[in-house]
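Working notes for the structure below.
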Amino acid sequence: MPEYSEEDYLLLSGIQHFNFCRRQWALIHIEQQWAENVRTIEGSHVHRVADQPFLREKRGGKLVVRAMPVHSRTLGITGVCDVVEFVRDPQGVPLAGEEGCYLPYPVEYKRGKPKRDDSDRSQLVAQLMCLEEMLACELSMGYLYYDEIKHRVEVPVDSGDRERVTAALEEMHHYFRRRHTPKGKLGPHCRSCSLHDICLPELGGRVSVASYIESRLAE
């Protein structure tokens, strides 16, 4: 399988935006557009709970690492896991400075509650695939912690999940290389999007945001 060079890496977290709305992902990651709303602010607050880089906590046979950087050469992504729980397991891998072997389980923190689409799940699967590649191990699940219900959901991961994530990332790299922003699809999800006033979904994505802004400034 071909490998990506580091300068071509995409942000792992972008796969959640991509699966929510391809146009939203392109506006953020290609056109560098961004806007805050109450949902993004709440999401940032939830992540601050886990975002404590280099903090390691030992709990019996479990080692908890927060804000752990991860990457994958084969997927061409880089990012940070909110939390990775290393659980002692004879089928696991050795860790520097620790006795025994451990298997890593990514835990991704999310605002709200479980969603109907797989955008949250795809981000977790991508993290798991990075950990598999980095640590040369095989994993079968991770966890999504939802702030609204104060509960974490176990997420089993199979080959189908890996194939969907791989296909999405290949499409993301394709758009990014071409610097192409897909057209928007107007729908109920547009109302909750922080980029609604930038995206202009009512225009059907017929023009790029940059071109639209330039035309308005020229008026």
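Here, A, B, ... name the chains of the structure tokens in the order displayed, residue numbers run from 1 inside each chain, and ligands are numbered from 1 in the same displayed order.
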
_DSSP on the backbone, alpha helix (DSSP H) only: what residues of range 95-181 of chain A does that give? Format it as a ChimeraX atom specification._
/A:119-135,159-178

Sorted by chain and rising residue number, list the residues of range 102-137 of chain A at most 6 Å from range 77-87 of chain A (counting only C-alpha atoms), each with its closest atom pair and distance in Å to one decimal, as a tab-separated table.
```
residue	atom	partner	partner_atom	distance
A:Tyr102	CA	A:Val87	CA	5.1
A:Leu103	CA	A:Val87	CA	5.3
A:Pro104	CA	A:Phe86	CA	4.3
A:Tyr105	CA	A:Glu85	CA	5.1
A:Pro106	CA	A:Val84	CA	4.4
A:Val107	CA	A:Val83	CA	5.1
A:Glu108	CA	A:Asp82	CA	5.5
```

If you keep C-alpha atoms, can you produce a file of those selected residues as a PDB file, in the first residue's frame?
```pdb
ATOM      1  CA  TYR A 102      -1.070  -3.433  26.771  1.00  0.00           C
ATOM      2  CA  LEU A 103      -3.790  -2.860  24.166  1.00  0.00           C
ATOM      3  CA  PRO A 104      -4.836   0.742  23.401  1.00  0.00           C
ATOM      4  CA  TYR A 105      -8.469   1.853  23.283  1.00  0.00           C
ATOM      5  CA  PRO A 106      -9.213   5.367  21.929  1.00  0.00           C
ATOM      6  CA  VAL A 107     -11.856   7.421  23.744  1.00  0.00           C
ATOM      7  CA  GLU A 108     -13.261  10.421  21.832  1.00  0.00           C
TER       8      GLU A 108
END
```

*Residue neighbourhood range 19-34 of chain A, 6 Å, only C-alpha atoms, exclusion window fewer than 2 positions, as a list in words*: Gln16, His17, Ser119, Thr181, Pro182 and Gly184 of chain A

Using only C-alpha atoms, please write the residues we just selected to a file, as a compact mmCIF listing (two decimals), in the first residue's frame.
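Generated output (again_7.txt):
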```
# COMPACT_ATOMS: atom_id res chain seq x y z
CA GLN A 16 -16.04 14.03 11.00
CA HIS A 17 -16.70 17.27 9.09
CA SER A 119 -19.53 11.15 11.54
CA THR A 181 -14.91 22.57 -2.81
CA PRO A 182 -17.93 20.30 -3.50
CA GLY A 184 -23.61 21.95 -0.93
```

_I need the strand (DSSP E) residues of range 50-198 of chain A per DSSP on the backbone, written as a ChimeraX atom specification._
/A:56-59,62-72,77-94,101-110,141-146,151-156

*Might you pull out every residue within 10 Å of Leu139 in chain A, with only C-alpha atoms counted and same-chain residues fewer than 2 positions away left off, and present them as a list of chain:residue names?*
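Result of the neighbour search: A:Gly92, A:Leu103, A:Pro104, A:Tyr105, A:Pro106, A:Leu128, A:Met129, A:Leu131, A:Glu132, A:Ala136, A:Cys137, A:Met141, A:Gly142, A:Pro156, A:Val157, A:Asp158.
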
_Long-range neighbours of range 144-153 of chain A as a PyMOL selection string, 6 Å cut-off, only C-alpha atoms, 4 positions minimum in chain_ = chain A and resi 107-113

Filtering to all heavy atoms, could you give me those residues as an mmCIF file, in the first residue's frame?
```cif
data_model
loop_
_atom_site.group_PDB
_atom_site.id
_atom_site.type_symbol
_atom_site.label_atom_id
_atom_site.label_comp_id
_atom_site.auth_asym_id
_atom_site.auth_seq_id
_atom_site.Cartn_x
_atom_site.Cartn_y
_atom_site.Cartn_z
ATOM 1 N N VAL A 107 -10.607 6.889 23.189
ATOM 2 C CA VAL A 107 -11.856 7.421 23.744
ATOM 3 C C VAL A 107 -12.010 8.850 23.225
ATOM 4 O O VAL A 107 -11.199 9.716 23.541
ATOM 5 C CB VAL A 107 -11.853 7.431 25.287
ATOM 6 C CG1 VAL A 107 -13.209 7.911 25.812
ATOM 7 C CG2 VAL A 107 -11.513 6.051 25.848
ATOM 8 N N GLU A 108 -13.033 9.096 22.412
ATOM 9 C CA GLU A 108 -13.261 10.421 21.832
ATOM 10 C C GLU A 108 -14.414 11.112 22.566
ATOM 11 O O GLU A 108 -15.493 10.537 22.750
ATOM 12 C CB GLU A 108 -13.590 10.286 20.339
ATOM 13 C CG GLU A 108 -13.947 11.580 19.638
ATOM 14 C CD GLU A 108 -12.792 12.578 19.560
ATOM 15 O OE1 GLU A 108 -11.630 12.166 19.790
ATOM 16 O OE2 GLU A 108 -13.051 13.755 19.258
ATOM 17 N N TYR A 109 -14.172 12.339 23.015
ATOM 18 C CA TYR A 109 -15.185 13.118 23.741
ATOM 19 C C TYR A 109 -16.014 13.942 22.757
ATOM 20 O O TYR A 109 -15.471 14.625 21.890
ATOM 21 C CB TYR A 109 -14.512 14.058 24.738
ATOM 22 C CG TYR A 109 -14.067 13.374 26.014
ATOM 23 C CD1 TYR A 109 -13.107 12.369 26.002
ATOM 24 C CD2 TYR A 109 -14.612 13.740 27.240
ATOM 25 C CE1 TYR A 109 -12.696 11.743 27.164
ATOM 26 C CE2 TYR A 109 -14.205 13.124 28.427
ATOM 27 C CZ TYR A 109 -13.247 12.123 28.372
ATOM 28 O OH TYR A 109 -12.850 11.507 29.526
ATOM 29 N N LYS A 110 -17.354 13.900 22.927
ATOM 30 C CA LYS A 110 -18.259 14.645 22.056
ATOM 31 C C LYS A 110 -19.316 15.380 22.880
ATOM 32 O O LYS A 110 -19.746 14.894 23.928
ATOM 33 C CB LYS A 110 -18.974 13.697 21.076
ATOM 34 C CG LYS A 110 -18.043 13.022 20.084
ATOM 35 C CD LYS A 110 -17.397 14.036 19.162
ATOM 36 C CE LYS A 110 -16.458 13.396 18.163
ATOM 37 N NZ LYS A 110 -15.742 14.402 17.353
ATOM 38 N N ARG A 111 -19.706 16.544 22.377
ATOM 39 C CA ARG A 111 -20.810 17.252 22.995
ATOM 40 C C ARG A 111 -22.110 16.550 22.581
ATOM 41 O O ARG A 111 -22.135 15.744 21.663
ATOM 42 C CB ARG A 111 -20.859 18.718 22.553
ATOM 43 C CG ARG A 111 -21.087 18.879 21.045
ATOM 44 C CD ARG A 111 -21.438 20.304 20.681
ATOM 45 N NE ARG A 111 -22.654 20.729 21.310
ATOM 46 C CZ ARG A 111 -23.872 20.407 20.888
ATOM 47 N NH1 ARG A 111 -24.014 19.623 19.822
ATOM 48 N NH2 ARG A 111 -24.941 20.844 21.516
ATOM 49 N N GLY A 112 -23.214 16.863 23.217
ATOM 50 C CA GLY A 112 -24.501 16.321 22.796
ATOM 51 C C GLY A 112 -24.676 14.850 23.142
ATOM 52 O O GLY A 112 -24.182 14.362 24.155
ATOM 53 N N LYS A 113 -25.371 14.163 22.256
ATOM 54 C CA LYS A 113 -25.689 12.754 22.462
ATOM 55 C C LYS A 113 -25.411 11.982 21.170
ATOM 56 O O LYS A 113 -25.114 12.587 20.134
ATOM 57 C CB LYS A 113 -27.151 12.605 22.875
ATOM 58 C CG LYS A 113 -28.144 13.229 21.901
ATOM 59 C CD LYS A 113 -29.555 13.206 22.455
ATOM 60 C CE LYS A 113 -30.529 13.895 21.499
ATOM 61 N NZ LYS A 113 -31.907 13.902 22.058
#
```

_Would you pick out the contacts of range 3-7 of chain A at 10 Å or less, using only C-alpha atoms, so that residues sharing its chain but fewer than 4 positions from it are not included, and give the list as a list in words?_
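Returned residues: His71, Ser72, Arg73, Thr74, Leu75, Gly76, Ile77 and Thr78 of chain A.
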
*Minimum-distance residue to Asp8 in chain A, chosen among A:Arg178, A:Lys115, A:Lys183, A:His173 (using only C-alpha atoms)*: A:His173

*When you draw a straight line from CA of Pro114 in chain A to CA of Glu133 in chain A, how long is it in Å?*
27.4 Å
